[in-house]
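Quick look at query-v5.csv (CSV, C-alpha atoms and all ligand atoms):
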```csv
chain,number,residue,atom,x,y,z
H,1,TRP,CA,56.5,163.7,157.2
H,2,ASP,CA,53.0,163.2,158.6
H,3,MET,CA,51.8,163.0,155.0
H,4,PHE,CA,54.3,160.3,154.1
H,5,PHE,CA,53.6,158.4,157.3
H,6,LEU,CA,49.9,158.4,156.8
H,7,ALA,CA,50.3,157.3,153.2
H,8,PHE,CA,52.6,154.6,154.4
H,9,LEU,CA,50.2,153.4,157.1
H,10,GLU,CA,47.3,153.4,154.6
H,11,ARG,CA,49.3,151.4,152.2
H,12,LEU,CA,50.3,149.0,154.9
H,13,PHE,CA,46.8,148.3,156.2
H,14,ARG,CA,44.9,148.3,153.0
H,15,PRO,CA,44.4,144.9,151.5
H,16,THR,CA,46.7,144.1,148.5
H,17,PHE,CA,45.6,141.9,145.6
H,18,ARG,CA,47.1,139.8,142.9
H,19,LYS,CA,45.9,138.6,139.6
H,20,ASP,CA,44.5,135.3,140.9
H,21,ASP,CA,42.3,137.1,143.4
H,22,PHE,CA,39.8,138.1,140.8
H,23,VAL,CA,37.1,136.4,138.7
H,24,LEU,CA,36.3,138.3,135.6
H,25,GLY,CA,32.7,139.0,134.6
H,26,LYS,CA,31.3,140.7,131.5
H,27,LYS,CA,33.2,143.2,129.5
H,28,LEU,CA,32.1,146.8,130.2
H,29,GLY,CA,34.3,148.6,127.7
H,30,GLU,CA,37.2,148.4,125.5
H,31,GLY,CA,39.4,151.3,124.3
H,32,ALA,CA,42.8,151.6,122.6
H,33,PHE,CA,44.5,151.6,126.0
H,34,GLY,CA,42.8,148.9,127.9
H,35,VAL,CA,39.8,146.6,128.5
H,36,VAL,CA,37.3,147.0,131.4
H,37,TYR,CA,35.5,144.1,133.0
H,38,LYS,CA,33.0,143.7,135.8
H,39,ALA,CA,34.8,141.5,138.4
H,40,ALA,CA,34.5,139.9,141.8
H,41,LEU,CA,36.9,138.6,144.4
H,42,ALA,CA,37.6,134.8,144.0
H,43,ASN,CA,37.8,134.3,147.7
H,44,LYS,CA,34.2,133.9,149.0
H,45,SER,CA,35.0,135.2,152.4
H,46,SER,CA,35.9,138.5,150.9
H,47,ALA,CA,32.7,138.6,148.9
H,48,LYS,CA,31.4,141.4,151.1
H,49,GLN,CA,33.5,143.6,149.0
H,50,GLY,CA,30.7,143.4,146.4
H,51,ASP,CA,31.0,143.9,142.7
H,52,LEU,CA,34.2,145.4,141.4
H,53,VAL,CA,35.4,146.8,138.1
H,54,LEU,CA,38.8,145.8,136.7
H,55,LYS,CA,40.7,147.6,134.0
H,56,LYS,CA,43.6,145.9,132.3
H,57,ALA,CA,45.6,148.8,130.9
H,58,THR,CA,48.7,149.3,128.8
H,59,GLU,CA,51.6,151.5,129.8
H,60,TYR,CA,49.3,154.5,130.5
H,61,GLY,CA,47.8,152.5,133.4
H,62,ALA,CA,50.7,153.7,135.6
H,63,VAL,CA,49.6,157.3,135.4
H,64,GLU,CA,46.0,156.2,135.9
H,65,ILE,CA,46.9,154.4,139.1
H,66,TRP,CA,48.8,157.5,140.3
H,67,MET,CA,45.7,159.7,139.6
H,68,ASN,CA,43.3,157.4,141.3
H,69,GLU,CA,45.5,157.1,144.4
H,70,ARG,CA,45.7,160.9,144.6
H,71,VAL,CA,42.0,161.3,144.1
H,72,ARG,CA,41.2,158.9,146.8
H,73,ARG,CA,43.3,160.8,149.3
H,74,ALA,CA,42.3,164.3,148.2
H,75,CYS,CA,38.8,164.3,146.7
H,76,ALA,CA,37.4,160.8,147.1
H,77,ASN,CA,33.8,161.9,146.4
H,78,SER,CA,34.6,163.2,142.9
H,79,CYS,CA,35.4,159.9,141.3
H,80,ALA,CA,34.5,156.2,141.5
H,81,ASP,CA,35.9,154.5,144.6
H,82,PHE,CA,39.4,153.2,143.7
H,83,VAL,CA,40.4,150.0,145.5
H,84,TYR,CA,43.8,149.0,144.2
H,85,GLY,CA,46.2,149.1,141.3
H,86,PHE,CA,49.2,147.0,140.4
H,87,LEU,CA,51.6,145.9,137.7
H,88,GLU,CA,50.7,142.4,136.6
H,89,SER,CA,54.0,141.4,135.1
H,90,SER,CA,53.3,137.7,134.4
H,91,SER,CA,51.0,138.4,131.6
H,92,LYS,CA,52.3,138.6,128.0
H,93,GLY,CA,53.6,141.9,126.5
H,94,LYS,CA,56.8,143.7,127.1
H,95,GLY,CA,56.3,145.4,130.5
H,96,GLY,CA,53.2,143.5,131.5
H,97,GLU,CA,49.8,145.1,132.1
H,98,TYR,CA,48.5,147.5,134.8
H,99,TRP,CA,45.5,146.2,136.6
H,100,LEU,CA,43.2,148.8,138.2
H,101,ILE,CA,40.3,147.9,140.6
H,102,TRP,CA,37.4,150.1,141.5
H,103,ARG,CA,34.1,149.4,143.3
H,104,PHE,CA,31.3,148.8,140.8
H,105,GLU,CA,29.3,152.1,141.1
H,106,GLY,CA,26.3,151.1,139.0
H,107,GLU,CA,25.1,150.1,135.6
H,108,THR,CA,24.6,153.4,133.9
H,109,THR,CA,26.7,156.3,132.6
H,110,LEU,CA,25.3,159.7,131.8
H,111,SER,CA,25.7,158.7,128.2
H,112,ASP,CA,23.3,155.7,128.6
H,113,LEU,CA,20.8,157.9,130.4
H,114,MET,CA,21.0,160.7,127.8
H,115,LEU,CA,20.4,158.2,124.9
H,116,SER,CA,17.0,157.2,126.4
H,117,LYS,CA,13.9,159.0,125.1
H,118,GLU,CA,12.9,159.5,128.7
H,119,PHE,CA,15.9,161.7,129.6
H,120,PRO,CA,16.0,163.7,131.9
H,121,TYR,CA,13.0,162.0,133.7
H,122,ASN,CA,14.9,158.7,133.9
H,123,VAL,CA,17.5,160.5,136.0
H,124,GLU,CA,14.9,162.1,138.3
H,125,ARG,CA,13.6,158.6,139.3
H,126,MET,CA,17.1,157.4,140.0
H,127,ILE,CA,18.0,160.4,142.2
H,128,LEU,CA,14.8,160.7,144.1
H,129,GLY,CA,13.4,157.2,144.1
H,130,GLU,CA,9.9,158.5,144.6
H,131,ASP,CA,7.7,161.3,143.4
H,132,GLN,CA,8.5,164.9,144.5
H,133,ASP,CA,6.3,167.8,144.4
H,134,LEU,CA,8.0,169.4,141.5
H,135,PRO,CA,6.8,171.8,138.8
H,136,LYS,CA,5.8,170.1,135.5
H,137,GLY,CA,7.1,170.4,132.0
H,138,LEU,CA,10.1,172.4,131.0
H,139,GLU,CA,10.6,173.8,134.5
H,140,ARG,CA,10.9,170.3,135.8
H,141,GLU,CA,13.3,169.2,133.1
H,142,ASN,CA,15.4,172.2,133.9
H,143,ARG,CA,15.6,171.3,137.6
H,144,ILE,CA,16.8,167.8,136.8
H,145,ILE,CA,19.4,169.1,134.4
H,146,GLN,CA,20.5,171.7,136.9
H,147,THR,CA,21.0,169.0,139.5
H,148,ILE,CA,23.1,166.9,137.1
H,149,MET,CA,25.2,170.0,136.3
H,150,ARG,CA,25.7,170.8,139.9
H,151,GLN,CA,26.9,167.3,140.7
H,152,LEU,CA,29.3,167.3,137.7
H,153,LEU,CA,30.7,170.7,138.6
H,154,PHE,CA,31.0,169.7,142.2
H,155,ALA,CA,33.1,166.7,141.2
H,156,LEU,CA,35.1,168.8,138.8
H,157,ASP,CA,35.8,171.4,141.5
H,158,GLY,CA,37.2,168.6,143.7
H,159,LEU,CA,39.5,167.4,141.0
H,160,HIS,CA,40.6,171.0,140.0
H,161,SER,CA,41.2,172.0,143.6
H,162,THR,CA,43.5,169.0,143.9
H,163,GLY,CA,45.4,170.1,140.9
H,164,ILE,CA,44.1,167.5,138.5
H,165,VAL,CA,42.7,168.2,135.0
H,166,HIS,CA,40.7,165.3,133.7
H,167,ARG,CA,40.9,166.1,129.9
H,168,ASP,CA,38.3,163.5,128.9
H,169,ILE,CA,35.1,164.8,130.4
H,170,LYS,CA,32.2,163.3,128.4
H,171,PRO,CA,28.9,161.5,129.3
H,172,GLN,CA,30.6,158.1,128.8
H,173,ASN,CA,33.0,159.0,131.7
H,174,ILE,CA,30.3,160.1,134.1
H,175,ILE,CA,28.8,157.2,136.1
H,176,PHE,CA,25.7,157.2,138.3
H,177,SER,CA,26.8,155.8,141.7
H,178,GLU,CA,23.8,153.8,143.0
H,179,GLY,CA,25.3,153.8,146.5
H,180,ALA,CA,25.9,157.6,146.7
H,181,ARG,CA,22.9,158.4,144.5
H,182,THR,CA,25.0,160.9,142.7
H,183,PHE,CA,27.1,161.2,139.5
H,184,LYS,CA,30.8,160.6,139.8
H,185,ILE,CA,33.6,161.0,137.3
H,186,ILE,CA,35.5,157.9,136.0
H,187,ASP,CA,38.4,157.2,133.6
H,188,LEU,CA,41.5,159.2,134.7
H,189,GLY,CA,43.5,157.7,131.9
H,190,ALA,CA,44.1,161.1,130.2
H,191,ALA,CA,44.3,163.2,133.3
H,192,ALA,CA,47.2,165.4,134.3
H,193,ASP,CA,48.4,166.3,137.8
H,194,LEU,CA,50.0,169.7,137.4
H,195,ARG,CA,51.2,170.2,140.9
H,196,VAL,CA,53.7,167.4,140.6
H,197,GLY,CA,54.1,167.4,136.9
H,198,ILE,CA,52.7,163.9,136.2
H,199,ASN,CA,51.6,163.4,132.6
H,200,TYR,CA,52.4,167.1,132.2
H,201,ILE,CA,53.0,166.9,128.5
H,202,PRO,CA,49.6,166.5,126.9
H,203,LYS,CA,49.1,163.4,124.8
H,204,GLU,CA,46.7,164.7,122.2
H,205,PHE,CA,45.9,161.2,120.9
H,206,LEU,CA,44.2,160.5,124.3
H,207,LEU,CA,41.7,163.3,123.8
H,208,ASP,CA,38.2,162.8,122.4
H,209,PRO,CA,37.7,165.3,119.6
H,210,ARG,CA,33.9,165.5,120.2
H,211,TYR,CA,34.4,167.2,123.6
H,212,THR,CA,37.8,168.9,123.4
H,213,ALA,CA,38.1,172.6,123.9
H,214,PRO,CA,39.6,174.5,121.0
H,215,GLU,CA,43.0,175.0,122.6
H,216,GLN,CA,43.6,171.2,122.6
H,217,TYR,CA,46.6,171.6,124.8
H,218,ILE,CA,46.1,172.3,128.5
H,219,MET,CA,49.3,174.3,128.7
H,220,SER,CA,50.5,176.8,126.2
H,221,THR,CA,53.2,175.5,123.9
H,222,GLN,CA,55.6,178.1,125.4
H,223,THR,CA,55.5,176.3,128.7
H,224,PRO,CA,58.9,174.5,129.2
H,225,SER,CA,58.7,170.7,129.1
H,226,ALA,CA,58.0,168.8,132.3
H,227,PRO,CA,60.2,170.0,135.1
H,228,SER,CA,61.4,167.5,137.7
H,229,ALA,CA,58.9,166.9,140.5
H,230,PRO,CA,60.3,169.2,143.2
H,231,VAL,CA,60.6,172.1,140.8
H,232,ALA,CA,57.1,171.5,139.5
H,233,THR,CA,55.6,171.6,143.0
H,234,ALA,CA,57.1,175.0,143.6
H,235,LEU,CA,56.3,176.3,140.1
H,236,SER,CA,53.0,174.9,139.1
H,237,PRO,CA,50.5,177.0,141.1
H,238,VAL,CA,51.9,179.9,139.1
H,239,LEU,CA,51.5,178.0,135.8
H,240,TRP,CA,48.0,177.0,136.9
H,241,GLN,CA,47.2,180.7,137.3
H,242,LEU,CA,48.7,181.6,134.0
H,243,ASN,CA,47.3,178.9,131.8
H,244,LEU,CA,44.1,177.9,133.6
H,245,PRO,CA,44.3,174.3,132.5
H,246,ASP,CA,41.1,173.4,134.4
H,247,ARG,CA,39.1,175.4,131.9
H,248,PHE,CA,39.7,172.7,129.4
H,249,ASP,CA,37.3,170.5,131.4
H,250,ILE,CA,34.8,173.3,131.8
H,251,TYR,CA,34.5,173.6,128.0
H,252,SER,CA,33.7,169.8,127.8
H,253,ALA,CA,31.2,170.1,130.7
H,254,GLY,CA,29.6,173.0,128.8
H,255,LEU,CA,29.1,170.8,125.8
H,256,ILE,CA,27.4,168.2,128.0
H,257,PHE,CA,25.1,171.0,129.3
H,258,MET,CA,24.3,171.7,125.7
H,259,GLN,CA,23.5,168.1,124.9
H,260,MET,CA,21.2,167.9,127.9
H,261,ALA,CA,19.3,171.0,126.9
H,262,PHE,CA,19.1,170.1,123.2
H,263,PRO,CA,18.2,166.5,122.5
H,264,ALA,CA,19.2,166.8,118.9
H,265,LEU,CA,22.9,167.2,120.0
H,266,ARG,CA,22.9,163.9,121.8
H,267,THR,CA,23.9,161.9,118.7
H,268,ASP,CA,27.5,161.8,117.6
H,269,SER,CA,26.9,163.0,114.1
H,270,ASN,CA,24.9,166.0,115.3
H,271,LEU,CA,27.4,166.9,118.0
H,272,ILE,CA,30.2,166.8,115.4
H,273,GLN,CA,28.1,169.0,113.1
H,274,PHE,CA,27.4,171.4,116.0
H,275,ASN,CA,31.2,171.6,116.7
H,276,ARG,CA,31.7,172.6,113.0
H,277,GLN,CA,29.0,175.3,113.2
H,278,LEU,CA,30.5,176.7,116.4
H,279,LYS,CA,33.9,176.8,114.9
H,280,ARG,CA,32.5,178.7,112.0
H,281,CYS,CA,31.1,181.2,114.5
H,282,GLU,CA,34.5,181.5,116.0
H,283,TYR,CA,33.3,179.6,119.1
H,284,ASP,CA,30.8,182.4,119.9
H,285,LEU,CA,27.7,180.7,121.2
H,286,ILE,CA,25.7,183.9,121.0
H,287,GLU,CA,26.6,184.2,117.3
H,288,TRP,CA,25.7,180.5,116.8
H,289,ARG,CA,22.3,181.2,118.4
H,290,LYS,CA,21.7,184.1,116.1
H,291,THR,CA,22.4,181.9,113.0
H,292,VAL,CA,20.3,178.9,114.1
H,293,GLU,CA,17.4,180.3,116.1
H,294,PRO,CA,15.4,182.0,113.2
H,295,ARG,CA,15.1,178.6,111.4
H,296,ALA,CA,15.1,176.4,114.5
H,297,SER,CA,13.0,173.2,114.8
H,298,PRO,CA,10.5,173.1,117.6
H,299,GLU,CA,12.8,170.8,119.5
H,300,LEU,CA,15.7,173.2,119.2
H,301,ARG,CA,13.5,176.1,120.2
H,302,LYS,CA,12.5,174.1,123.3
H,303,GLY,CA,16.2,173.9,124.3
H,304,PHE,CA,16.6,177.7,124.1
H,305,GLU,CA,13.3,178.1,126.1
H,306,LEU,CA,14.7,175.9,128.8
H,307,LEU,CA,17.9,177.8,129.1
H,308,ASP,CA,16.0,181.1,129.0
H,309,LEU,CA,13.9,180.2,132.1
H,310,ASP,CA,14.3,182.5,135.2
H,311,GLY,CA,15.7,185.4,133.2
H,312,GLY,CA,18.1,183.3,131.1
H,313,ILE,CA,20.4,182.2,134.0
H,314,GLY,CA,20.9,178.8,132.4
H,315,TRP,CA,21.9,180.4,129.1
H,316,GLU,CA,24.2,182.8,131.0
H,317,LEU,CA,26.0,179.9,132.7
H,318,LEU,CA,26.3,177.9,129.5
H,319,THR,CA,27.9,180.8,127.6
H,320,SER,CA,30.3,181.3,130.5
H,321,MET,CA,31.5,177.7,130.0
H,322,VAL,CA,31.7,177.4,126.2
H,323,ARG,CA,34.0,180.1,125.2
H,324,TYR,CA,37.0,180.2,122.9
H,325,LYS,CA,39.5,181.7,125.3
H,326,ALA,CA,40.2,179.5,128.4
H,327,ARG,CA,40.7,182.5,130.6
H,328,ARG,CA,37.3,183.8,129.8
H,329,ARG,CA,35.6,180.6,130.9
H,330,THR,CA,34.2,180.3,134.4
H,331,SER,CA,35.9,177.9,136.9
H,332,ALA,CA,34.0,175.0,138.4
H,333,LYS,CA,33.9,176.8,141.8
H,334,ALA,CA,32.6,180.1,140.3
H,335,ALA,CA,30.0,178.2,138.2
H,336,LEU,CA,28.7,176.5,141.4
H,337,ALA,CA,28.1,180.0,142.8
H,338,ASN,CA,26.2,181.0,139.6
H,339,PRO,CA,22.6,182.1,140.3
H,340,TYR,CA,21.5,179.1,138.1
H,341,PHE,CA,22.2,176.9,141.1
H,342,ASP,CA,20.5,179.2,143.7
H,343,ARG,CA,17.2,177.6,143.2
H,344,GLU,CA,16.4,174.5,145.2
H,345,GLY,CA,17.0,172.0,142.4
H,346,LEU,CA,15.9,168.5,143.3
H,347,LEU,CA,15.3,169.0,147.0
H,348,ARG,CA,17.0,166.1,148.6
H,349,LEU,CA,20.2,166.5,146.7
H,350,SER,CA,21.1,169.8,148.2
H,351,PHE,CA,21.3,168.0,151.6
H,352,MET,CA,23.5,165.3,150.2
H,353,GLN,CA,26.1,167.7,149.1
D,1,LIG,P1,37.9,153.3,128.9
D,1,LIG,O1,39.3,153.7,128.9
D,1,LIG,O2,37.6,152.1,128.2
D,1,LIG,O3,37.0,154.5,128.4
D,1,LIG,P2,36.6,153.6,131.5
D,1,LIG,O4,37.3,153.8,132.7
D,1,LIG,O5,35.9,154.8,130.9
D,1,LIG,O6,37.6,153.0,130.4
D,1,LIG,O7,35.5,152.4,131.7
D,1,LIG,C1,34.8,151.9,130.6
D,1,LIG,C2,33.4,151.7,131.0
D,1,LIG,O8,33.3,150.8,132.1
D,1,LIG,C3,32.7,152.9,131.5
D,1,LIG,O9,32.1,153.6,130.4
D,1,LIG,C4,31.6,152.4,132.4
D,1,LIG,O10,30.5,151.9,131.7
D,1,LIG,C5,32.3,151.2,133.0
D,1,LIG,N1,32.9,151.5,134.3
D,1,LIG,C6,34.1,152.0,134.6
D,1,LIG,N2,34.3,152.2,135.9
D,1,LIG,C7,33.2,151.8,136.5
D,1,LIG,C8,32.8,151.8,137.9
D,1,LIG,N3,33.6,152.2,138.9
D,1,LIG,N4,31.6,151.3,138.2
D,1,LIG,C9,30.7,150.9,137.2
D,1,LIG,N5,31.1,150.9,135.9
D,1,LIG,C10,32.3,151.4,135.5
D,2,MG,MG,36.1,156.0,129.3
```
Mind turning the file's structure into structure tokens?
Amino acid sequence: WDMFFLAFLERLFRPTFRKDDFVLGKKLGEGAFGVVYKAALANKSSAKQGDLVLKKATEYGAVEIWMNERVRRACANSCADFVYGFLESSSKGKGGEYWLIWRFEGETTLSDLMLSKEFPYNVERMILGEDQDLPKGLERENRIIQTIMRQLLFALDGLHSTGIVHRDIKPQNIIFSEGARTFKIIDLGAAADLRVGINYIPKEFLLDPRYTAPEQYIMSTQTPSAPSAPVATALSPVLWQLNLPDRFDIYSAGLIFMQMAFPALRTDSNLIQFNRQLKRCEYDLIEWRKTVEPRASPELRKGFELLDLDGGIGWELLTSMVRYKARRRTSAKAALANPYFDREGLLRLSFMQ
């Protein structure tokens, strides 16, 4: 009852918005299921709200609103700050559009940052603001990548502990929050909440083939179709244990780790080629390494060197994330306890978390 009452009170006292309250700015993105704009409140007196982001979504917007509401209550720091979501039924189209509003977290996604020649040093500047007394060269790059991975896994751990699998973890869906000075996850459009059975049946067409784990489906095909909500609540912790759906995101996060260590994998075509190579090695990274290392370019060799620092703890972590069998992959929580994160990382960040 307390939970319901609190949710009710929160809903009651939070501002509600309508279509006319917003002024649209530039387009930030456009997918098959919606368009995203920078936006602001039309009413000047509410301008202190600052910049906002507005997504006009198709029918999948309903699930995305549900996920964002849940994240805000259970693990707010994991994702971009959600403000409000509603069905805008006056617009054209059968059932209208869902409008979702977030706080504008910042200009850059991890994808933008990784495409710069300066990566990962461009991230170091954003996180620290000023020079730190860090080691130079490879060791320094490793510390920055380690910090990004820690923040990503921290956000994922929040989602997974809440019972949410994101299913679309990729650099384009990781935003740098200028306010929090940390990376946050965005785009819960393909997410599944297993504890209550929302969006339980995977929609494969929502998944991005560049980053998907080999199992494709988060639940085994033997799992019965979505049970009604009360049953799902009682049942799903067991299903979670059996199927480890969270490991789907871990695989994607492992691929991001790879892209950070190996600059060559940052282009789409090379990532797709890598996926093909890995499949040929039956998703065995150690096998893949054996096939490419003997004739590796200096750049590729540098990536292995980075992962081999400190007795190879980076490589160890990576291979525990990118594995064929979901149940053999590490969880986000276990990954955070990996010795790779024992070192200081970027000093100030350890305080912020
Ligand atoms: P899509 O379904 O189009 O992928 P996303 O939710 O990923 O929608 O948003 C598209 C883009 O809009 C993101 O890649 C990012 O650049 C930007 N964006 C989304 N949410 C925010 C936010 N809260 N703050 C700043 N930029 C955002
Ligand atoms: Mg996206």
Of H:Gly137, H:Gly179, H:Gly34, H:Gly96, the one sitting nearest ligand LIG 1 (chain D) when using only C-alpha atoms and all ligand atoms is H:Gly34
List as a PyMOL selection string the protein and nucleic acid residues lying within 12 Å of ligand MG 2 (chain D), with all atoms listed in the file counted. chain H and resi 28-36+55+64+109-111+166-175+185-191+206-208
One residue among H:Pro245, H:Gly254, H:Gly85, H:Gly50 is nearest to H:Arg327 when using only C-alpha atoms, and that residue is H:Pro245
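Taking all atoms listed in the file into account, ligand LIG 1 (chain D) lies nearest to H:Ala80 out of the set H:Val322, H:Val63, H:Leu24, H:Ala80.
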Against stretch 304-321 of chain H, which residues of stretch 232-296 of chain H fall within 9 Å? For each one I want the closest pair of atoms and the distance in Å (one decimal), counting only C-alpha atoms, rows by chain and increasing residue number, as a tab-separated table.
```
residue	atom	partner	partner_atom	distance
H:Arg247	CA	H:Met321	CA	8.2
H:Ile250	CA	H:Met321	CA	5.8
H:Tyr251	CA	H:Met321	CA	5.5
H:Ser252	CA	H:Met321	CA	8.5
H:Ala253	CA	H:Met321	CA	7.6
H:Gly254	CA	H:Met321	CA	5.2
H:Leu255	CA	H:Met321	CA	8.4
H:Phe257	CA	H:Leu318	CA	7.0
H:Met258	CA	H:Leu318	CA	7.5
H:Ala261	CA	H:Leu306	CA	7.0
H:Phe262	CA	H:Phe304	CA	8.1
H:Asp284	CA	H:Thr319	CA	8.4
H:Leu285	CA	H:Thr319	CA	6.4
H:Ile286	CA	H:Thr319	CA	7.6
H:Arg289	CA	H:Phe304	CA	8.8
H:Glu293	CA	H:Phe304	CA	8.4
```
Please write the residues from the selection above to a file, keeping C-alpha atoms, as a tab-separated table (two decimals), in the frame of the given file.
```tsv
chain	number	residue	atom	x	y	z
H	247	ARG	CA	39.10	175.40	131.90
H	250	ILE	CA	34.80	173.30	131.80
H	251	TYR	CA	34.50	173.60	128.00
H	252	SER	CA	33.70	169.80	127.80
H	253	ALA	CA	31.20	170.10	130.70
H	254	GLY	CA	29.60	173.00	128.80
H	255	LEU	CA	29.10	170.80	125.80
H	257	PHE	CA	25.10	171.00	129.30
H	258	MET	CA	24.30	171.70	125.70
H	261	ALA	CA	19.30	171.00	126.90
H	262	PHE	CA	19.10	170.10	123.20
H	284	ASP	CA	30.80	182.40	119.90
H	285	LEU	CA	27.70	180.70	121.20
H	286	ILE	CA	25.70	183.90	121.00
H	289	ARG	CA	22.30	181.20	118.40
H	293	GLU	CA	17.40	180.30	116.10
```
- Query: Hey, which of H:Glu105, H:Ala40, H:Phe8, H:Val123 ends up closest to H:Val23? Count only C-alpha atoms.
  - Reply: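 Residue with the minimum atom-to-atom distance to H:Val23: H:Ala40.
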Residue with the minimum atom-to-atom distance to ligand LIG 1 (chain D), picked from H:Ser177, H:Asn68, H:Asn270, H:Ser116 with all atoms listed in the file counted, is H:Ser177
With distances taken over all atoms listed in the file, the candidate from H:Arg181, H:Arg195, H:Arg143, H:Arg18 nearest H:Asn43 is H:Arg18
### Query
atom C5 of ligand LIG 1 (chain D) and atom CA of H:Gly163 are how many Å apart?
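One can read the atom C5 of ligand LIG 1 (chain D) to atom CA of H:Gly163 distance as 24.3 Å.
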One decimal place gives the atom CA of H:Ser269-atom CA of H:Gly303 separation as 18.4 Å
Review point. In Å, with one decimal, what is the gap from atom CA of H:Leu278 to atom CA of H:Asp342?
Key: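 It comes out at 29.2 Å.
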Problem set entry | Who sits within 8 Å of H:Phe22, all atoms listed in the file, same chain under 5 positions skipped, as a list in words | Ala39, Ala40, Leu41 and Ala42 of chain H
Can you pull out every residue within 12 Å of H:Glu282, counting only C-alpha atoms, but drop anything in the same chain fewer than 5 positions away, and send it as number ranges by chain? H: 214, 275-277, 287-288, 322-325
Kindly reconstruct stretch 177-182 of chain H with all heavy atoms and present the result as a compact mmCIF listing (two decimals), keeping the file's coordinate frame.
```
# COMPACT_ATOMS: atom_id res chain seq x y z
N SER H 177 26.45 156.69 140.52
CA SER H 177 26.80 155.80 141.70
C SER H 177 25.46 155.49 142.38
O SER H 177 24.82 156.37 142.95
CB SER H 177 27.72 156.53 142.61
OG SER H 177 27.78 155.82 143.83
N GLU H 178 25.09 154.21 142.33
CA GLU H 178 23.80 153.80 143.00
C GLU H 178 23.94 153.93 144.48
O GLU H 178 22.97 154.25 145.16
CB GLU H 178 23.44 152.39 142.53
CG GLU H 178 22.73 152.41 141.19
CD GLU H 178 22.85 151.10 140.39
OE1 GLU H 178 23.04 150.04 141.01
OE2 GLU H 178 22.75 151.18 139.15
N GLY H 179 25.13 153.70 145.02
CA GLY H 179 25.30 153.80 146.50
C GLY H 179 25.21 155.25 146.94
O GLY H 179 24.50 155.54 147.89
N ALA H 180 25.89 156.15 146.26
CA ALA H 180 25.90 157.60 146.70
C ALA H 180 24.72 158.34 146.10
O ALA H 180 24.47 159.47 146.50
CB ALA H 180 27.21 158.22 146.27
N ARG H 181 24.00 157.72 145.17
CA ARG H 181 22.90 158.40 144.50
C ARG H 181 23.30 159.72 143.88
O ARG H 181 22.60 160.74 144.00
CB ARG H 181 21.71 158.58 145.43
CG ARG H 181 20.92 157.30 145.62
CD ARG H 181 19.51 157.66 145.95
NE ARG H 181 18.65 156.49 145.99
CZ ARG H 181 17.34 156.56 146.15
NH1 ARG H 181 16.77 157.73 146.28
NH2 ARG H 181 16.63 155.48 146.15
N THR H 182 24.46 159.70 143.28
CA THR H 182 25.00 160.90 142.70
C THR H 182 25.90 160.54 141.51
O THR H 182 26.37 159.41 141.44
CB THR H 182 25.65 161.82 143.71
OG1 THR H 182 26.49 162.75 143.04
CG2 THR H 182 26.52 161.03 144.64
```
